[in-house]
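Colleague: start.csv is reproduced below (CSV, C-alpha atoms).
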```csv
chain,number,residue,atom,x,y,z
A,1,MET,CA,0.0,-19.4,-19.3
A,2,ASN,CA,-0.8,-20.0,-15.6
A,3,LYS,CA,-4.5,-20.6,-15.0
A,4,ILE,CA,-4.8,-17.7,-12.5
A,5,ARG,CA,-3.5,-15.2,-15.0
A,6,LEU,CA,-5.9,-16.7,-17.5
A,7,LEU,CA,-8.7,-15.9,-15.2
A,8,ILE,CA,-7.6,-12.3,-15.0
A,9,ALA,CA,-6.6,-12.0,-18.7
A,10,ALA,CA,-9.9,-13.5,-19.7
A,11,LEU,CA,-11.6,-10.4,-18.4
A,12,ALA,CA,-10.1,-8.5,-21.2
A,13,VAL,CA,-12.0,-8.1,-24.4
A,14,PHE,CA,-9.1,-7.6,-26.6
A,15,THR,CA,-6.6,-9.9,-28.3
A,16,GLN,CA,-3.0,-9.1,-27.3
A,17,THR,CA,-0.7,-8.3,-30.1
A,18,SER,CA,2.9,-7.3,-30.4
A,19,PHE,CA,2.2,-3.6,-31.0
A,20,ALA,CA,1.0,-1.0,-28.5
A,21,GLN,CA,-2.6,0.2,-28.9
A,22,ASN,CA,-3.4,3.9,-28.9
A,23,PHE,CA,-5.2,5.5,-26.0
A,24,ILE,CA,-6.4,8.9,-24.9
A,25,ASP,CA,-6.2,10.5,-21.5
A,26,GLN,CA,-9.3,12.4,-20.2
A,27,GLU,CA,-9.5,14.6,-17.1
A,28,ILE,CA,-12.5,13.4,-15.1
A,29,THR,CA,-14.3,14.4,-11.9
A,30,PHE,CA,-17.1,12.8,-9.8
A,31,LYS,CA,-18.5,13.5,-6.3
A,32,SER,CA,-19.2,11.4,-3.2
A,33,PRO,CA,-22.9,10.7,-2.6
A,34,ASP,CA,-23.1,13.5,0.0
A,35,ASP,CA,-21.2,15.9,-2.2
A,36,SER,CA,-18.6,16.4,0.6
A,37,ILE,CA,-15.7,15.3,-1.7
A,38,SER,CA,-15.0,16.0,-5.3
A,39,TYR,CA,-12.6,13.4,-6.8
A,40,ALA,CA,-10.4,14.3,-9.8
A,41,GLY,CA,-8.2,12.1,-11.9
A,42,THR,CA,-7.1,10.9,-15.3
A,43,LEU,CA,-9.0,8.2,-17.2
A,44,SER,CA,-7.0,6.5,-20.0
A,45,ILE,CA,-9.2,5.0,-22.6
A,46,PRO,CA,-7.9,2.6,-25.3
A,47,GLY,CA,-8.7,3.3,-29.0
A,48,GLY,CA,-11.2,1.3,-30.9
A,49,ASN,CA,-14.9,0.8,-30.7
A,50,LYS,CA,-15.1,-2.1,-28.3
A,51,LYS,CA,-15.9,-1.7,-24.6
A,52,SER,CA,-12.8,-2.2,-22.5
A,53,PRO,CA,-12.2,-3.9,-19.2
A,54,ALA,CA,-11.1,-1.3,-16.6
A,55,ILE,CA,-8.9,-0.9,-13.7
A,56,VAL,CA,-8.7,1.6,-10.8
A,57,ILE,CA,-5.2,2.3,-9.4
A,58,VAL,CA,-5.3,2.6,-5.6
A,59,SER,CA,-2.4,4.3,-3.9
A,60,GLY,CA,-0.7,3.4,-0.6
A,61,THR,CA,0.2,5.3,2.6
A,62,GLY,CA,0.9,9.0,2.3
A,63,ARG,CA,-0.6,11.8,0.2
A,64,GLN,CA,-0.1,10.9,-3.4
A,65,ASP,CA,-1.1,12.5,-6.7
A,66,ARG,CA,-2.7,10.6,-9.6
A,67,ASP,CA,0.7,9.9,-11.2
A,68,GLY,CA,2.1,8.3,-8.1
A,69,LEU,CA,5.1,10.6,-8.1
A,70,MET,CA,7.5,9.0,-5.6
A,71,ALA,CA,11.2,9.8,-5.4
A,72,GLY,CA,11.1,11.2,-8.9
A,73,HIS,CA,9.3,8.3,-10.5
A,74,LYS,CA,5.7,8.5,-11.8
A,75,ILE,CA,4.9,5.0,-10.9
A,76,PHE,CA,1.1,5.1,-11.4
A,77,LYS,CA,1.3,6.9,-14.7
A,78,GLU,CA,3.8,4.4,-16.0
A,79,ILE,CA,1.5,1.5,-14.9
A,80,ALA,CA,-1.6,3.2,-16.4
A,81,ASP,CA,0.1,3.9,-19.7
A,82,SER,CA,1.2,0.2,-20.0
A,83,LEU,CA,-2.3,-1.1,-19.1
A,84,ALA,CA,-4.0,1.3,-21.5
A,85,ASN,CA,-1.6,0.2,-24.3
A,86,HIS,CA,-2.8,-3.4,-23.5
A,87,GLY,CA,-6.5,-2.5,-23.9
A,88,TYR,CA,-7.5,-1.6,-20.4
A,89,ALA,CA,-9.3,1.6,-19.4
A,90,VAL,CA,-7.4,2.9,-16.4
A,91,LEU,CA,-8.5,5.4,-13.8
A,92,ARG,CA,-6.0,7.0,-11.5
A,93,LEU,CA,-7.0,9.6,-8.9
A,94,ASP,CA,-5.5,12.3,-6.8
A,95,ASP,CA,-5.8,11.3,-3.1
A,96,ARG,CA,-8.1,13.2,-0.8
A,97,GLY,CA,-6.7,16.7,-0.3
A,98,VAL,CA,-4.1,16.3,-3.1
A,99,GLY,CA,-4.1,18.0,-6.5
A,100,LYS,CA,-7.7,18.6,-7.7
A,101,THR,CA,-9.4,16.2,-5.2
A,102,THR,CA,-11.0,17.9,-2.2
A,103,GLY,CA,-11.3,16.5,1.3
A,104,VAL,CA,-8.8,16.2,4.1
A,105,TYR,CA,-6.4,13.3,3.8
A,106,GLU,CA,-5.5,13.2,7.5
A,107,HIS,CA,-9.2,12.6,8.5
A,108,ALA,CA,-9.5,9.4,6.4
A,109,THR,CA,-8.9,5.8,7.3
A,110,THR,CA,-8.0,2.8,5.2
A,111,ALA,CA,-11.7,1.9,5.1
A,112,ASP,CA,-12.5,5.4,3.8
A,113,PHE,CA,-10.0,4.9,1.0
A,114,ALA,CA,-11.7,1.6,0.2
A,115,THR,CA,-14.9,3.6,-0.1
A,116,ASP,CA,-13.1,6.0,-2.5
A,117,ALA,CA,-12.0,3.0,-4.6
A,118,LEU,CA,-15.6,1.7,-4.9
A,119,LEU,CA,-16.9,5.2,-5.8
A,120,ALA,CA,-14.3,5.1,-8.6
A,121,VAL,CA,-15.6,1.7,-9.7
A,122,LYS,CA,-19.1,3.1,-9.7
A,123,TYR,CA,-18.0,6.0,-11.9
A,124,LEU,CA,-16.3,3.6,-14.4
A,125,LYS,CA,-19.6,1.7,-14.7
A,126,SER,CA,-21.1,4.9,-16.1
A,127,VAL,CA,-18.4,5.3,-18.8
A,128,PRO,CA,-19.7,4.2,-22.2
A,129,GLN,CA,-16.3,2.8,-23.3
A,130,VAL,CA,-16.0,0.6,-20.3
A,131,ASP,CA,-17.4,-2.9,-19.9
A,132,ALA,CA,-19.2,-2.5,-16.6
A,133,GLY,CA,-18.9,-6.2,-15.8
A,134,LYS,CA,-15.1,-6.3,-16.0
A,135,ILE,CA,-13.7,-3.8,-13.6
A,136,GLY,CA,-10.8,-4.5,-11.2
A,137,LEU,CA,-8.5,-2.8,-8.8
A,138,ILE,CA,-4.7,-2.5,-8.6
A,139,GLY,CA,-3.4,-1.6,-5.1
A,140,HIS,CA,0.1,-0.5,-4.2
A,141,SER,CA,1.5,-0.9,-0.6
A,142,GLU,CA,-1.4,-0.1,1.8
A,143,GLY,CA,-3.4,-0.2,-1.4
A,144,GLY,CA,-3.3,-3.9,-1.0
A,145,ALA,CA,-5.4,-3.7,2.2
A,146,ILE,CA,-7.6,-1.0,0.6
A,147,ILE,CA,-8.5,-3.2,-2.4
A,148,SER,CA,-9.0,-6.2,-0.1
A,149,ILE,CA,-11.6,-4.2,1.9
A,150,ALA,CA,-13.2,-3.0,-1.3
A,151,ALA,CA,-13.5,-6.4,-2.9
A,152,SER,CA,-14.8,-7.9,0.4
A,153,LYS,CA,-17.7,-5.4,0.3
A,154,SER,CA,-18.7,-5.2,-3.4
A,155,LYS,CA,-19.5,-7.7,-6.2
A,156,ASP,CA,-18.7,-4.9,-8.7
A,157,VAL,CA,-15.0,-5.7,-8.3
A,158,LYS,CA,-14.1,-8.5,-10.6
A,159,PHE,CA,-10.4,-9.0,-10.0
A,160,LEU,CA,-7.5,-7.7,-8.0
A,161,ILE,CA,-3.8,-7.0,-8.7
A,162,SER,CA,-1.5,-6.3,-5.7
A,163,LEU,CA,1.8,-4.5,-6.3
A,164,SER,CA,3.9,-4.6,-3.2
A,165,GLY,CA,0.5,-4.9,-1.5
A,166,LEU,CA,-0.1,-5.3,2.2
A,167,ALA,CA,-1.8,-8.5,3.3
A,168,MET,CA,-1.1,-8.4,7.1
A,169,ASN,CA,-2.9,-7.4,10.2
A,170,GLY,CA,-2.2,-3.7,10.9
A,171,TYR,CA,-0.3,-4.3,14.1
A,172,ASP,CA,1.8,-7.1,12.5
A,173,ALA,CA,2.5,-4.9,9.5
A,174,LEU,CA,3.8,-2.0,11.7
A,175,ILE,CA,6.0,-4.3,13.6
A,176,SER,CA,7.5,-6.1,10.5
A,177,GLN,CA,7.9,-2.9,8.6
A,178,ASN,CA,9.7,-1.1,11.3
A,179,GLU,CA,11.9,-4.0,12.1
A,180,SER,CA,12.9,-4.3,8.5
A,181,ILE,CA,13.7,-0.7,8.2
A,182,VAL,CA,15.7,-0.7,11.4
A,183,ASN,CA,17.6,-4.0,10.7
A,184,ASN,CA,18.6,-2.8,7.3
A,185,SER,CA,19.8,0.6,8.6
A,186,THR,CA,23.3,1.7,9.4
A,187,LEU,CA,22.5,2.0,13.1
A,188,PRO,CA,24.9,0.2,15.5
A,189,ASP,CA,23.5,-3.1,16.8
A,190,TYR,CA,22.7,-1.7,20.3
A,191,ASP,CA,20.6,1.1,18.8
A,192,LYS,CA,18.8,-1.3,16.5
A,193,ALA,CA,17.9,-3.3,19.6
A,194,ARG,CA,16.7,-0.1,21.4
A,195,SER,CA,14.7,1.0,18.4
A,196,ASN,CA,12.9,-2.3,18.0
A,197,ASP,CA,12.2,-2.4,21.7
A,198,ILE,CA,10.6,1.0,22.0
A,199,ASN,CA,8.7,0.5,18.7
A,200,GLU,CA,7.2,-2.8,19.9
A,201,ARG,CA,6.2,-1.3,23.3
A,202,MET,CA,4.5,1.7,21.7
A,203,PHE,CA,2.7,-0.4,19.1
A,204,LYS,CA,1.4,-2.8,21.7
A,205,THR,CA,0.1,0.2,23.7
A,206,ALA,CA,-1.5,1.8,20.7
A,207,LEU,CA,-3.3,-1.5,19.8
A,208,LYS,CA,-4.5,-1.9,23.4
A,209,TYR,CA,-5.9,1.6,23.6
A,210,ALA,CA,-6.8,2.2,20.0
A,211,ASP,CA,-10.4,2.8,21.0
A,212,SER,CA,-9.7,4.7,24.2
A,213,ALA,CA,-10.0,8.4,24.9
A,214,ASN,CA,-6.8,8.2,27.0
A,215,MET,CA,-4.6,6.6,24.3
A,216,GLU,CA,-2.3,9.7,24.3
A,217,ALA,CA,-1.7,9.5,28.0
A,218,LYS,CA,-1.0,5.7,27.8
A,219,LEU,CA,1.5,6.2,25.0
A,220,ASN,CA,3.4,8.9,26.9
A,221,GLU,CA,3.3,6.7,30.0
A,222,THR,CA,4.8,3.7,28.1
A,223,TYR,CA,7.5,5.9,26.7
A,224,ASN,CA,8.5,7.4,30.0
A,225,THR,CA,8.7,4.0,31.6
A,226,TRP,CA,10.9,2.8,28.8
A,227,LYS,CA,13.1,5.9,28.9
A,228,VAL,CA,14.0,5.3,32.6
A,229,LYS,CA,15.1,1.7,31.8
A,230,ASP,CA,16.8,2.7,28.6
A,231,ASP,CA,18.8,5.5,30.2
A,232,ALA,CA,20.1,3.0,32.8
A,233,TYR,CA,20.9,0.5,30.0
A,234,PHE,CA,22.8,3.0,27.9
A,235,LYS,CA,25.1,3.8,30.9
A,236,THR,CA,26.2,0.2,30.9
A,237,LEU,CA,27.5,0.6,27.4
A,238,ASN,CA,30.2,3.1,28.4
A,239,ILE,CA,29.6,5.2,25.3
A,240,LYS,CA,30.1,8.9,25.7
A,241,PHE,CA,27.3,10.3,23.5
A,242,ASP,CA,23.9,8.9,23.0
A,243,HIS,CA,22.6,9.7,19.5
A,244,PHE,CA,19.5,7.6,19.6
A,245,ARG,CA,16.2,9.5,19.8
A,246,PHE,CA,12.6,8.2,19.6
A,247,PRO,CA,10.3,10.8,18.1
A,248,ILE,CA,7.8,10.6,20.9
A,249,TYR,CA,5.9,13.9,20.2
A,250,SER,CA,5.4,13.2,16.4
A,251,PHE,CA,4.6,9.5,17.0
A,252,VAL,CA,1.9,10.2,19.6
A,253,LYS,CA,0.3,13.0,17.5
A,254,TYR,CA,0.2,10.5,14.5
A,255,ALA,CA,-1.0,7.5,16.6
A,256,ILE,CA,-4.0,9.3,18.1
A,257,GLY,CA,-5.3,10.2,14.6
A,258,PRO,CA,-8.1,8.3,12.9
A,259,TRP,CA,-5.9,6.5,10.3
A,260,TYR,CA,-3.6,5.0,12.8
A,261,ARG,CA,-6.4,4.0,15.2
A,262,TYR,CA,-8.1,2.1,12.4
A,263,PHE,CA,-5.1,0.6,10.8
A,264,ILE,CA,-3.5,-0.9,13.9
A,265,LYS,CA,-6.7,-2.9,14.4
A,266,TYR,CA,-7.1,-3.9,10.8
A,267,ASP,CA,-7.8,-7.7,10.6
A,268,ALA,CA,-6.4,-8.9,7.2
A,269,ALA,CA,-7.3,-12.5,7.7
A,270,LYS,CA,-11.0,-11.7,8.4
A,271,THR,CA,-11.2,-9.3,5.6
A,272,MET,CA,-9.4,-11.3,2.9
A,273,ALA,CA,-11.5,-14.5,3.6
A,274,ASN,CA,-14.3,-12.6,1.9
A,275,ILE,CA,-12.5,-12.0,-1.4
A,276,LYS,CA,-14.1,-14.2,-4.0
A,277,VAL,CA,-12.4,-13.0,-7.2
A,278,PRO,CA,-9.1,-13.8,-9.0
A,279,VAL,CA,-6.0,-12.2,-7.4
A,280,LEU,CA,-2.5,-11.6,-8.7
A,281,ALA,CA,0.1,-10.5,-6.2
A,282,LEU,CA,3.6,-9.3,-7.0
A,283,ASN,CA,6.3,-8.2,-4.5
A,284,GLY,CA,9.9,-7.3,-4.9
A,285,ASP,CA,12.4,-9.4,-2.8
A,286,LYS,CA,14.2,-6.1,-1.7
A,287,ASP,CA,11.0,-4.5,-0.4
A,288,ASN,CA,11.9,-3.0,3.1
A,289,TYR,CA,8.3,-1.7,3.7
A,290,VAL,CA,6.0,-4.6,2.9
A,291,VAL,CA,7.9,-7.7,3.9
A,292,PRO,CA,7.6,-9.8,0.7
A,293,GLU,CA,7.5,-13.4,1.6
A,294,ALA,CA,5.1,-13.2,4.6
A,295,ASN,CA,2.7,-10.9,2.7
A,296,LEU,CA,2.7,-13.1,-0.5
A,297,GLN,CA,2.0,-16.1,1.7
A,298,ASN,CA,-0.9,-14.3,3.4
A,299,TRP,CA,-2.4,-13.4,0.0
A,300,LYS,CA,-2.8,-17.1,-0.6
A,301,ASN,CA,-3.6,-18.4,2.8
A,302,TYR,CA,-6.1,-15.7,4.0
A,303,ILE,CA,-8.1,-15.8,0.8
A,304,ALA,CA,-8.0,-19.6,0.6
A,305,ALA,CA,-9.4,-19.7,4.1
A,306,GLY,CA,-12.6,-18.3,2.6
A,307,GLY,CA,-12.7,-21.0,-0.2
A,308,ASN,CA,-11.0,-19.0,-3.0
A,309,LYS,CA,-8.0,-20.7,-4.5
A,310,LYS,CA,-7.8,-18.3,-7.5
A,311,VAL,CA,-4.7,-16.6,-6.2
A,312,GLU,CA,-1.3,-16.3,-7.9
A,313,THR,CA,1.8,-14.8,-6.3
A,314,HIS,CA,5.3,-13.8,-7.6
A,315,LEU,CA,8.5,-12.7,-5.9
A,316,LEU,CA,10.6,-10.5,-8.1
A,317,LYS,CA,14.3,-10.6,-7.7
A,318,ASN,CA,16.3,-7.4,-7.0
A,319,VAL,CA,13.1,-5.3,-7.1
A,320,ASN,CA,12.2,-2.7,-4.4
A,321,HIS,CA,9.0,-1.4,-2.9
A,322,LEU,CA,8.2,0.8,-5.9
A,323,LEU,CA,8.7,-2.3,-8.2
A,324,LEU,CA,11.9,-0.7,-9.5
A,325,PRO,CA,14.9,-2.8,-10.3
A,326,CYS,CA,17.6,-2.0,-7.8
A,327,ILE,CA,21.3,-2.6,-7.0
A,328,THR,CA,21.9,-1.5,-3.4
A,329,CYS,CA,18.2,-1.5,-2.9
A,330,ASN,CA,18.2,1.1,-0.1
A,331,GLN,CA,16.1,4.2,0.1
A,332,ALA,CA,19.0,6.5,-0.9
A,333,GLU,CA,19.3,4.7,-4.3
A,334,VAL,CA,15.7,5.2,-5.4
A,335,PRO,CA,16.0,8.8,-6.8
A,336,ASN,CA,19.0,7.7,-8.9
A,337,ILE,CA,17.3,4.7,-10.5
A,338,LYS,CA,16.9,5.5,-14.2
A,339,SER,CA,14.8,2.5,-15.2
A,340,GLY,CA,11.0,2.3,-14.7
A,341,VAL,CA,8.8,-0.4,-13.2
A,342,SER,CA,10.3,-3.9,-13.5
A,343,PRO,CA,9.7,-5.3,-17.0
A,344,GLU,CA,9.2,-8.7,-15.3
A,345,ALA,CA,6.2,-7.3,-13.4
A,346,PHE,CA,4.6,-6.2,-16.7
A,347,HIS,CA,5.4,-9.5,-18.3
A,348,ILE,CA,3.7,-11.4,-15.5
A,349,ILE,CA,0.6,-9.2,-15.6
A,350,PHE,CA,0.2,-9.4,-19.4
A,351,SER,CA,1.4,-13.0,-20.1
```
Please express what this file holds, its structure, as C-alpha cells.

Modeller:
Amino acid sequence: MNKIRLLIAALAVFTQTSFAQNFIDQEITFKSPDDSISYAGTLSIPGGNKKSPAIVIVSGTGRQDRDGLMAGHKIFKEIADSLANHGYAVLRLDDRGVGKTTGVYEHATTADFATDALLAVKYLKSVPQVDAGKIGLIGHSEGGAIISIAASKSKDVKFLISLSGLAMNGYDALISQNESIVNNSTLPDYDKARSNDINERMFKTALKYADSANMEAKLNETYNTWKVKDDAYFKTLNIKFDHFRFPIYSFVKYAIGPWYRYFIKYDAAKTMANIKVPVLALNGDKDNYVVPEANLQNWKNYIAAGGNKKVETHLLKNVNHLLLPCITCNQAEVPNIKSGVSPEAFHIIFS
C-alpha cells in the first residue's frame, strides 16, 4: 500500500474485511452560529460500538442536493454508501437554498461554502458515534477549492480527498475549463477561435475589475469593442450566416455577483501552501471541466511549497468529471451511462 494512502487509511478505526458493514442513515439538522442558515442533510453511521472516523462530502459549482443528483446519477449518495460500508461516518448536506437547507445559494462565495464545510465538521465532533479527532473532507469539482480553504483555516480537518477537485487559481480555472469545453465541442474551428478569444477578453476584464463598482460597465465595454472587430473578421470568412453568439447579458449578470467576483481572484497556490494534512487526489483523464493533469500536478506542487509532501495523485483512464467510466466521454453520454462511480476510484481510496 502506498504510504500516503496508509496515512489516510490509518485514520480509520476499523479493520477492512471482504464483507460490507451495515450502516444507518439519519436525517440531521444544525444551524449557523448566527441562526441565519439551517443546514439539513443525511448522516450515515456504521454499525458497531466503536467510534468511527468521519467524512463530510462537499459539492462543487451549482445548486446540488445531498445526494449529488447530476444527470440522473446520485454521485454523493453512492460515495457515502460505499464509505459507510467501509466504516466511515459520512455527512452529506443539501446546498444553501436547496432541499431542506435554508439560505440563498446565489449570495454565497467559495469561501462561504468552506465555512459551511467547517460547520459540518463542528457538528460531527458532537456526534457520539464519531471519533472527533479523525474527521476529513471529500470535495468534488469546485469542492476541491472549498476543502482546501477549509483545511487551510482549521486544524479540525485531518485529511482531504479530492474527486475531480479544483487546484487552480480561479482565473486560470475559468480559462482552462472554457478552452477545454470549446476545443472538445463540434463548433467549426473559426468559431472555436472566436469563442476562446471573447472568453479570454471577458475573463481578463472581470479579474481586473473584480473589486470595482463599475465592473458591469467595463465588461460591456470589452464586449462591444470585441464585437466591432469580430464582425469585421467574420466578413472576411465569406460565410453567409453567422451562428456564433456570446451570451453577454447572462454572463455579465453572473460575473457581477458575489461568487464570481470571489472565485476569479481565488489564489490556489497561496491557500494550498497552508494545507498540512494528508491529501489524496483523483481525476478522470476525460474530465472536460477540471483539466486533470494540470490540477493533479498543482495538488502536489502547491501543497509541497508549504512543506507538506503527504500528497498522492491518480489519473483514472476513460473516466469523466463525475468519476463515471465513459466511452465517448462527452456531456451527451452522461445520462446514458448505466454504471456508477469508477470501481478504480473506490479501490484506490480503500486500498

Colleague: Write out as JSON lines a residue-level contact list of range 121-154 of chain A versus range 45-50 of chain A with cut-off 12 Å: for each qualifying residue the closest pair of atoms and the distance in Å to one decimal, counting all atoms listed in the file, rows sorted by chain and residue number upward.

Modeller:
```
{"residue": "A:Leu124", "atom": "CA", "partner": "A:Ile45", "partner_atom": "CA", "distance": 10.9}
{"residue": "A:Val127", "atom": "CA", "partner": "A:Ile45", "partner_atom": "CA", "distance": 10.0}
{"residue": "A:Pro128", "atom": "CA", "partner": "A:Lys50", "partner_atom": "CA", "distance": 9.9}
{"residue": "A:Gln129", "atom": "CA", "partner": "A:Lys50", "partner_atom": "CA", "distance": 7.1}
{"residue": "A:Val130", "atom": "CA", "partner": "A:Ile45", "partner_atom": "CA", "distance": 8.4}
{"residue": "A:Asp131", "atom": "CA", "partner": "A:Lys50", "partner_atom": "CA", "distance": 8.7}
```

Colleague: Smallest atom-to-atom distance to Thr42 in chain A: which of A:Tyr249, A:Tyr171, A:Phe76, A:Tyr262, using only C-alpha atoms?

Modeller: A:Phe76

Colleague: Determine, counting all atoms listed in the file, which protein, DNA and RNA residues have an atom within 9 Å of an atom of Asn199 in chain A; residues of the same chain fewer than 3 positions away are not included. Present the result as a PyMOL selection string.

Modeller: chain A and resi 174-175+178-179+194-196+202-204+246

Colleague: Would you mind reading off the distance between CA of Leu315 in chain A and CA of Glu293 in chain A, one decimal, in Å?

Modeller: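 Computed distance, CA of Leu315 in chain A to CA of Glu293 in chain A, equals 7.6 Å.
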
Colleague: Using all atoms listed in the file, which protein or nucleic acid residues come within 12 Å of Phe241 in chain A? Drop anything in the same chain fewer than 6 positions from it, and give the result as an MDAnalysis selection string.

Modeller: chainID A and resid 231 234:235

Colleague: Take CA of Lys158 in chain A and CA of Ile135 in chain A and report the distance between them in Å, one decimal.

Modeller: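 Atom-to-atom, CA of Lys158 in chain A and CA of Ile135 in chain A are spaced 5.6 Å apart.
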
Colleague: How many Å separate CA of Thr102 in chain A from CA of Lys31 in chain A?

Modeller: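 Spanning CA of Thr102 in chain A to CA of Lys31 in chain A is a straight-line distance of 9.6 Å.
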
Colleague: Around the point (-15.0, 15.1, -5.9), in the coordinates given by the file, pick out the residues reaching within 6 Å, counting all atoms listed in the file, and return them as a list in words.

Modeller: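 So the residues meeting the distance criterion are Phe30, Lys31, Ile37, Ser38, Tyr39 and Thr101 of chain A.
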
Colleague: Counting only C-alpha atoms, what is within 8 Å of Leu163 in chain A, bar same-chain residues fewer than 5 positions away, as a ChimeraX atom specification?

Modeller: /A:138-141,144,281-283,323

Colleague: Which of these, A:Leu137, A:Ala210, A:Met70, A:Val58, has the shortest distance to Ile161 in chain A once you count only C-alpha atoms?

Modeller: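 With only C-alpha atoms as the atom set, the closest residue is A:Leu137.
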